[in-house]
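Read the structure below first, then the notes.
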Protein chains: 2
Amino acid sequence: MLSKDMINLGQVRSVIREMFEYGNKRAAEIGRENVFDYSLGNPSVPAPEIVNETLIDLLKNEDPVAIHSYSSAPGDPTVRAAIANNLNKEYGTDFSAGNIYITSGAAAALSITFKALAEENDEFIVFAPFFPEYRVFIENTGAKLKMVKCREDDFQIDFEALKNALNKNTKAVVINSPCNPSGVVFNEDTISKLAAVLSDAEKEFGHPIFLISDEPYRELVYDNITVPFVPNYYENTIVCYSFSKSLSIPGERIGYILISNKSTSPELIFEAVAGAGRALGYVCASSLFQKLIPVCMGKTADISIYKKNRDLLCDALTEYGYTLPSPDGAFYLFIKALENDANRFCENAKKFELLLVPGDSFGYPGYVRISYCVSTEQIIKSLPAFKKLADSYRNGEF
Amino acid sequence: MLSKDMINLGQVRSVIREMFEYGNKRAAEIGRENVFDYSLGNPSVPAPEIVNETLIDLLKNEDPVAIHSYSSAPGDPTVRAAIANNLNKEYGTDFSAGNIYITSGAAAALSITFKALAEENDEFIVFAPFFPEYRVFIENTGAKLKMVKCREDDFQIDFEALKNALNKNTKAVVINSPCNPSGVVFNEDTISKLAAVLSDAEKEFGHPIFLISDEPYRELVYDNITVPFVPNYYENTIVCYSFSKSLSIPGERIGYILISNKSTSPELIFEAVAGAGRALGYVCASSLFQKLIPVCMGKTADISIYKKNRDLLCDALTEYGYTLPSPDGAFYLFIKALENDANRFCENAKKFELLLVPGDSFGYPGYVRISYCVSTEQIIKSLPAFKKLADSYRNGEF
């Protein structure tokens, strides 16, 4: 009677969502302040004040019909030009409005991009740990997701494993740096090597291999870490960007696809993207929020709060004996579970009211994700629980 | 290198869009005020004042983090409940929040619904003339669109043709009343007969046949015409609704899917809808615009302007000898071309700076669509052109 695949997708709650629901239940029992919920990646700092100020200004002063009208499907041309100019200034590129397709957030950008690219028998390579919805979007096109695990010592790319995974069916490789769930940033050495490996593979297999760079956390980096701007390293790059995290407006669904002007046939890729947007039912991203972008682009929410949270947690967890890859960006820590089974470890953590997400759902068993986009108060209050959890393992109680 | 289907979809501009672009070109040549552009269905009246007032109030007074946060995928539970309550009050139904899935407009609602329902070999029946994107959304699921032409005398359903089209592969029938492009409202007699025919077919073929009611124009009706509320006539109804036209906010992408509580397994349908939303890359509809709905639901933009436009045009066109089906709703007239080839008729209309859209793209050759969501001034100024066009045909000049 209905699509079985869709029922399955709708029924199988993500592990993240399950943990979040458990947290709500537990909060009702013992009080919200006593549950240390680290499950969701929902920004905890407000948008910078300029966001609401600009929205109010637009609502008061713009033409009352135009402000809420349809934009053209790829977005308002002046907004697209503003995005291109901003990138050019920041990264020394020479993009134009024609390289920008505005989307309803990064999820739309990704699902549209996969749909635009995918042909029969195609494979998309993702690096574990990875954002679980990649699988949903890729498999929806009929293509295959192929997983390559990052090196455990530093969570950078394992190039031998990548080379083994590349073949004539590889349509694209997906990266997500800063990474959800590991918080790791792919450094310049990694991006340069990746570009070289993909260029070689393009020559070997005789067709373009796209590098899809999923960048919702581009600006969320700490300690003067630089995130390499991928289109400057590899020509066939498609960037999927979102303003959700940088501007703390995740519910408003605004982002873009950038098709590098140096890629093979950017105009043709743009047309396929436009077609995929149509097929998936996207009409345009919110007109009001599109008009916000030229004013607010380059601004960020107060990310110093995330840095403070990260430092507090990292220092304490390291002291308690936990290990984790370098948490340079996003708002996640990816700690090694204190036993092989991360699911059981998360169950034990619940006994101390700590809600963590097992790495299995990110394709990386044995680790757990901590989303530190929470109040600093929660972090401070939860530290004894993390200590007790570590002590219990040390004492052989689990 | 790319999906050929998606390139085709992206390259083939809709006839509507072609005509709109021609209008822009022509406006640059002879002045916007001398081009009578009736091509686009973009609301021409502003949103009611309460829309921007409510948005500003929300931006000033709501919690600054919560206002732009993710909502759950089916939408904010209080907004869903408010929509259900509003429908219950209006139509005497007993829906709850669990029957409502908030979407990014009607296009998302339709594409998600088709995706949720479609299985291999499925057929979806649409009544011509029909909104051309139905084909895009339906074919994207792998299912087949089957077209049944409306009766030419009144543009109601041709039930003999419908009965011939129904078979064991029919998954659903799509209606759009008030109709884009005909402006016709399916009357109570039509909806009752349709319900009876579909109930019989369900028994004959032994499985549910859904009635998908696409209702972006539900409130846009004139002369005390009543639009039958479809879920009150047929149990397996799924309504796809949008606030784009009623509130004149088409660029903001906010609408909903209503799964009738009387349908076969509403919970299972809801899960398939949730799965399809995920697969297509939807995360949630704009949080800010969701929060607008409980305040503004039931309000409309000033539709008296559309009625004035319609009356002016209808009276004049009828006087000039044009014929058209009863234009009871939406903001479209569907006039019979003055020759068999509507495309050639539209080319001739251009000579008088009249931009009309041939019915061929709506599956109904021989007719043309006039979108009268324009300024009343344009209507008045264009009447001599419509007269000259009719005269030219009468005089054998074309």
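The chains in the structure tokens are called A, B, ... from first to last as shown; in each chain the residues are counted from 1, and the ligands are counted from 1 in the order shown.
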
Check your understanding: If you run DSSP on the backbone, which residues of stretch 83-293 of chain B are helix (DSSP H, G or I), as a ChimeraX atom specification?
Key -> /B:83-91,97-99,105-117,133-140,159-165,188-205,230-232,250-252,266-279,287-293

Those residues you just picked out, can you put them in a file as a CSV table (one decimal), in the first residue's frame with C-alpha atoms?
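New file out-v4.csv:
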```csv
chain,number,residue,atom,x,y,z
B,83,ILE,CA,-3.7,23.5,12.4
B,84,ALA,CA,-5.8,20.4,13.4
B,85,ASN,CA,-8.0,22.5,15.7
B,86,ASN,CA,-8.5,25.1,13.1
B,87,LEU,CA,-9.6,22.5,10.6
B,88,ASN,CA,-11.9,20.8,13.1
B,89,LYS,CA,-13.6,24.1,13.9
B,90,GLU,CA,-14.0,25.0,10.2
B,91,TYR,CA,-15.0,21.6,8.8
B,97,ALA,CA,-1.6,17.0,15.7
B,98,GLY,CA,-0.7,13.4,14.7
B,99,ASN,CA,-2.5,13.9,11.3
B,105,GLY,CA,5.0,24.5,0.9
B,106,ALA,CA,2.7,22.5,-1.3
B,107,ALA,CA,5.5,21.4,-3.7
B,108,ALA,CA,7.3,19.7,-0.9
B,109,ALA,CA,4.0,18.3,0.4
B,110,LEU,CA,3.2,16.7,-3.0
B,111,SER,CA,6.7,15.4,-3.7
B,112,ILE,CA,6.8,13.9,-0.2
B,113,THR,CA,3.4,12.3,-0.5
B,114,PHE,CA,4.1,10.8,-3.9
B,115,LYS,CA,7.4,9.4,-2.6
B,116,ALA,CA,5.7,8.0,0.5
B,117,LEU,CA,3.1,6.2,-1.5
B,133,GLU,CA,5.1,19.8,-11.9
B,134,TYR,CA,2.9,16.8,-10.9
B,135,ARG,CA,4.6,14.9,-13.7
B,136,VAL,CA,8.1,15.8,-12.4
B,137,PHE,CA,7.3,14.7,-8.8
B,138,ILE,CA,5.4,11.5,-9.8
B,139,GLU,CA,8.0,10.4,-12.3
B,140,ASN,CA,10.8,11.1,-9.8
B,159,PHE,CA,-16.3,9.9,-14.9
B,160,GLU,CA,-16.4,7.4,-17.8
B,161,ALA,CA,-12.9,8.4,-18.7
B,162,LEU,CA,-11.9,8.0,-15.0
B,163,LYS,CA,-13.4,4.6,-14.7
B,164,ASN,CA,-11.5,3.5,-17.8
B,165,ALA,CA,-8.3,4.8,-16.3
B,188,GLU,CA,-20.1,18.9,-4.4
B,189,ASP,CA,-21.7,16.6,-7.0
B,190,THR,CA,-18.3,16.0,-8.6
B,191,ILE,CA,-16.6,15.2,-5.2
B,192,SER,CA,-19.5,12.9,-4.1
B,193,LYS,CA,-19.4,11.0,-7.4
B,194,LEU,CA,-15.6,10.8,-7.3
B,195,ALA,CA,-15.7,9.4,-3.7
B,196,ALA,CA,-18.3,6.8,-4.9
B,197,VAL,CA,-16.2,5.8,-7.9
B,198,LEU,CA,-13.0,5.5,-5.9
B,199,SER,CA,-14.8,3.5,-3.1
B,200,ASP,CA,-16.0,1.1,-5.8
B,201,ALA,CA,-12.6,0.8,-7.3
B,202,GLU,CA,-11.0,0.1,-3.8
B,203,LYS,CA,-13.5,-2.8,-3.5
B,204,GLU,CA,-12.9,-4.1,-7.0
B,205,PHE,CA,-9.1,-4.0,-6.8
B,230,VAL,CA,-12.6,16.5,0.6
B,231,PRO,CA,-11.8,14.5,3.8
B,232,ASN,CA,-15.5,14.8,4.6
B,250,PRO,CA,4.8,32.0,-1.6
B,251,GLY,CA,8.5,32.6,-1.2
B,252,GLU,CA,8.5,31.4,2.4
B,266,PRO,CA,-3.0,6.8,9.2
B,267,GLU,CA,-0.1,6.2,11.5
B,268,LEU,CA,1.7,4.0,8.9
B,269,ILE,CA,1.0,6.6,6.2
B,270,PHE,CA,2.5,9.2,8.6
B,271,GLU,CA,5.6,7.2,9.0
B,272,ALA,CA,6.0,6.7,5.2
B,273,VAL,CA,5.6,10.5,4.9
B,274,ALA,CA,8.2,11.1,7.5
B,275,GLY,CA,10.6,8.7,5.7
B,276,ALA,CA,10.0,10.4,2.4
B,277,GLY,CA,10.7,13.8,3.9
B,278,ARG,CA,14.0,12.5,5.2
B,279,ALA,CA,14.9,10.8,1.9
B,287,SER,CA,10.8,27.6,12.4
B,288,LEU,CA,9.9,31.3,12.3
B,289,PHE,CA,7.2,30.8,9.7
B,290,GLN,CA,5.8,27.8,11.5
B,291,LYS,CA,5.3,30.0,14.6
B,292,LEU,CA,3.4,32.5,12.4
B,293,ILE,CA,0.7,30.0,11.5
```

Practice item. As a VMD selection string, please: all residues of stretch 124-334 of chain A that backbone DSSP puts in strand (DSSP E or B). Key: chain A and resid 124 to 128 144 to 149 170 to 175 210 to 214 221 237 to 242 255 to 259 329 332 to 334

Convert the current residue selection to file output with C-alpha atoms, as a PDB file, in the first residue's frame.
```pdb
ATOM      1  CA  PHE A 124      29.923   7.751  -3.458  1.00  0.00           C
ATOM      2  CA  ILE A 125      32.800   7.419  -0.995  1.00  0.00           C
ATOM      3  CA  VAL A 126      32.366   8.800   2.518  1.00  0.00           C
ATOM      4  CA  PHE A 127      34.914   8.843   5.333  1.00  0.00           C
ATOM      5  CA  ALA A 128      33.863   7.278   8.623  1.00  0.00           C
ATOM      6  CA  LYS A 144      25.839   3.071  -3.407  1.00  0.00           C
ATOM      7  CA  LEU A 145      27.568   4.511  -0.341  1.00  0.00           C
ATOM      8  CA  LYS A 146      31.104   3.201   0.130  1.00  0.00           C
ATOM      9  CA  MET A 147      32.735   3.789   3.495  1.00  0.00           C
ATOM     10  CA  VAL A 148      36.434   4.404   4.094  1.00  0.00           C
ATOM     11  CA  LYS A 149      37.470   4.588   7.751  1.00  0.00           C
ATOM     12  CA  THR A 170      33.304   6.323  -8.185  1.00  0.00           C
ATOM     13  CA  LYS A 171      31.243   9.429  -8.896  1.00  0.00           C
ATOM     14  CA  ALA A 172      32.319  11.512  -5.919  1.00  0.00           C
ATOM     15  CA  VAL A 173      34.039  11.600  -2.555  1.00  0.00           C
ATOM     16  CA  VAL A 174      32.374  13.381   0.352  1.00  0.00           C
ATOM     17  CA  ILE A 175      34.269  15.214   3.086  1.00  0.00           C
ATOM     18  CA  PHE A 210      33.796  15.138  -7.746  1.00  0.00           C
ATOM     19  CA  LEU A 211      34.825  16.228  -4.287  1.00  0.00           C
ATOM     20  CA  ILE A 212      31.697  17.162  -2.336  1.00  0.00           C
ATOM     21  CA  SER A 213      32.686  19.313   0.619  1.00  0.00           C
ATOM     22  CA  ASP A 214      29.953  19.482   3.256  1.00  0.00           C
ATOM     23  CA  VAL A 221      37.080  26.343  14.568  1.00  0.00           C
ATOM     24  CA  THR A 237      34.752  20.587  -6.087  1.00  0.00           C
ATOM     25  CA  ILE A 238      31.128  21.124  -5.113  1.00  0.00           C
ATOM     26  CA  VAL A 239      30.642  22.822  -1.739  1.00  0.00           C
ATOM     27  CA  CYS A 240      27.455  22.276   0.265  1.00  0.00           C
ATOM     28  CA  TYR A 241      27.199  25.078   2.797  1.00  0.00           C
ATOM     29  CA  SER A 242      24.695  26.047   5.459  1.00  0.00           C
ATOM     30  CA  GLY A 255      22.461  27.425   2.640  1.00  0.00           C
ATOM     31  CA  TYR A 256      23.893  27.018  -0.830  1.00  0.00           C
ATOM     32  CA  ILE A 257      25.607  24.791  -3.354  1.00  0.00           C
ATOM     33  CA  LEU A 258      28.814  26.234  -4.798  1.00  0.00           C
ATOM     34  CA  ILE A 259      29.861  24.666  -8.104  1.00  0.00           C
ATOM     35  CA  GLY A 329      36.171  22.436  15.132  1.00  0.00           C
ATOM     36  CA  TYR A 332      31.556  17.695  18.965  1.00  0.00           C
ATOM     37  CA  LEU A 333      34.014  15.518  20.864  1.00  0.00           C
ATOM     38  CA  PHE A 334      34.476  11.921  19.775  1.00  0.00           C
TER      39      PHE A 334
END
```

Review point. Contacts of B:Thr300 at 8 Å or less, counting only C-alpha atoms, minus same-chain residues fewer than 4 places along, as a list of chain:residue names?
Key: B:Ala47, B:Pro48, B:Glu219, B:Ser246, B:Leu247, B:Ser248

If you keep N, CA and C atoms, can you produce a file of those selected residues as a compact mmCIF listing (two decimals), in the first residue's frame?
```
# COMPACT_ATOMS: atom_id res chain seq x y z
N ALA B 47 0.81 40.30 1.78
CA ALA B 47 0.30 39.51 2.91
C ALA B 47 -0.55 40.43 3.79
N PRO B 48 -1.54 39.88 4.48
CA PRO B 48 -2.29 40.72 5.42
C PRO B 48 -1.32 41.29 6.46
N GLU B 219 -8.89 28.90 -0.22
CA GLU B 219 -9.64 30.10 0.22
C GLU B 219 -9.90 31.09 -0.91
N SER B 246 -3.05 31.89 0.20
CA SER B 246 -4.02 32.48 1.14
C SER B 246 -3.37 33.64 1.89
N LEU B 247 -2.11 33.47 2.32
CA LEU B 247 -1.44 34.54 3.08
C LEU B 247 -0.48 35.36 2.21
N SER B 248 -0.42 35.06 0.91
CA SER B 248 0.50 35.79 0.02
C SER B 248 1.94 35.75 0.52
```

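Atom to atom, atom CA of B:Ser361 and atom CA of B:Ile102 stand 29.4 Å apart.
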
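Minimum distance to chain B across A:Tyr282, A:Tyr234, A:Phe352, A:Tyr306 (counting only C-alpha atoms) occurs at A:Tyr282.
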
Study note, to complete from the structure: Counting only C-alpha atoms, closest pick from B:Asn180, B:Met297, B:Tyr222, B:Gly92 relative to B:Thr54 is B:Met297

Using only C-alpha atoms, which protein or nucleic acid residues come within 10 Å of A:Lys350? Drop anything in the same chain fewer than 6 positions from it, and give the result as an mmCIF file with N, CA and C atoms, in the first residue's frame.
```cif
data_model
loop_
_atom_site.group_PDB
_atom_site.id
_atom_site.type_symbol
_atom_site.label_atom_id
_atom_site.label_comp_id
_atom_site.auth_asym_id
_atom_site.auth_seq_id
_atom_site.Cartn_x
_atom_site.Cartn_y
_atom_site.Cartn_z
ATOM 1 N N MET A 19 18.009 8.845 21.840
ATOM 2 C CA MET A 19 18.682 9.287 23.057
ATOM 3 C C MET A 19 18.067 10.592 23.542
ATOM 4 N N TYR A 22 14.783 9.837 25.175
ATOM 5 C CA TYR A 22 15.046 9.281 26.504
ATOM 6 C C TYR A 22 15.356 10.416 27.479
ATOM 7 N N GLY A 23 16.138 11.383 27.005
ATOM 8 C CA GLY A 23 16.505 12.532 27.841
ATOM 9 C C GLY A 23 15.276 13.305 28.303
ATOM 10 N N ARG A 26 13.532 11.261 30.944
ATOM 11 C CA ARG A 26 14.310 11.281 32.184
ATOM 12 C C ARG A 26 14.183 12.656 32.869
ATOM 13 N N VAL A 35 19.804 15.993 34.156
ATOM 14 C CA VAL A 35 20.094 15.133 33.008
ATOM 15 C C VAL A 35 21.152 15.827 32.163
ATOM 16 N N PHE A 36 22.225 15.117 31.847
ATOM 17 C CA PHE A 36 23.320 15.722 31.088
ATOM 18 C C PHE A 36 23.225 15.258 29.647
ATOM 19 N N ASP A 37 22.385 15.985 28.887
ATOM 20 C CA ASP A 37 22.046 15.540 27.535
ATOM 21 C C ASP A 37 23.061 16.083 26.531
ATOM 22 N N ARG A 344 27.047 -0.432 24.733
ATOM 23 C CA ARG A 344 26.985 -0.797 26.146
ATOM 24 C C ARG A 344 27.586 0.327 26.998
ATOM 25 N N LEU A 356 25.024 10.105 25.747
ATOM 26 C CA LEU A 356 26.028 10.172 24.686
ATOM 27 C C LEU A 356 25.534 9.332 23.513
ATOM 28 N N ALA A 385 30.127 13.301 36.882
ATOM 29 C CA ALA A 385 29.523 12.094 36.305
ATOM 30 C C ALA A 385 30.499 11.414 35.349
ATOM 31 N N LEU A 389 32.037 7.704 35.843
ATOM 32 C CA LEU A 389 31.944 6.695 34.777
ATOM 33 C C LEU A 389 33.320 6.073 34.534
#
```

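For the atom pair formed by atom CA of B:Tyr217 and atom CA of B:Cys346, the distance is 25.6 Å, given to one decimal.
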
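Atom to atom, atom CA of A:Pro327 and atom CA of A:Glu353 stand 23.4 Å apart.
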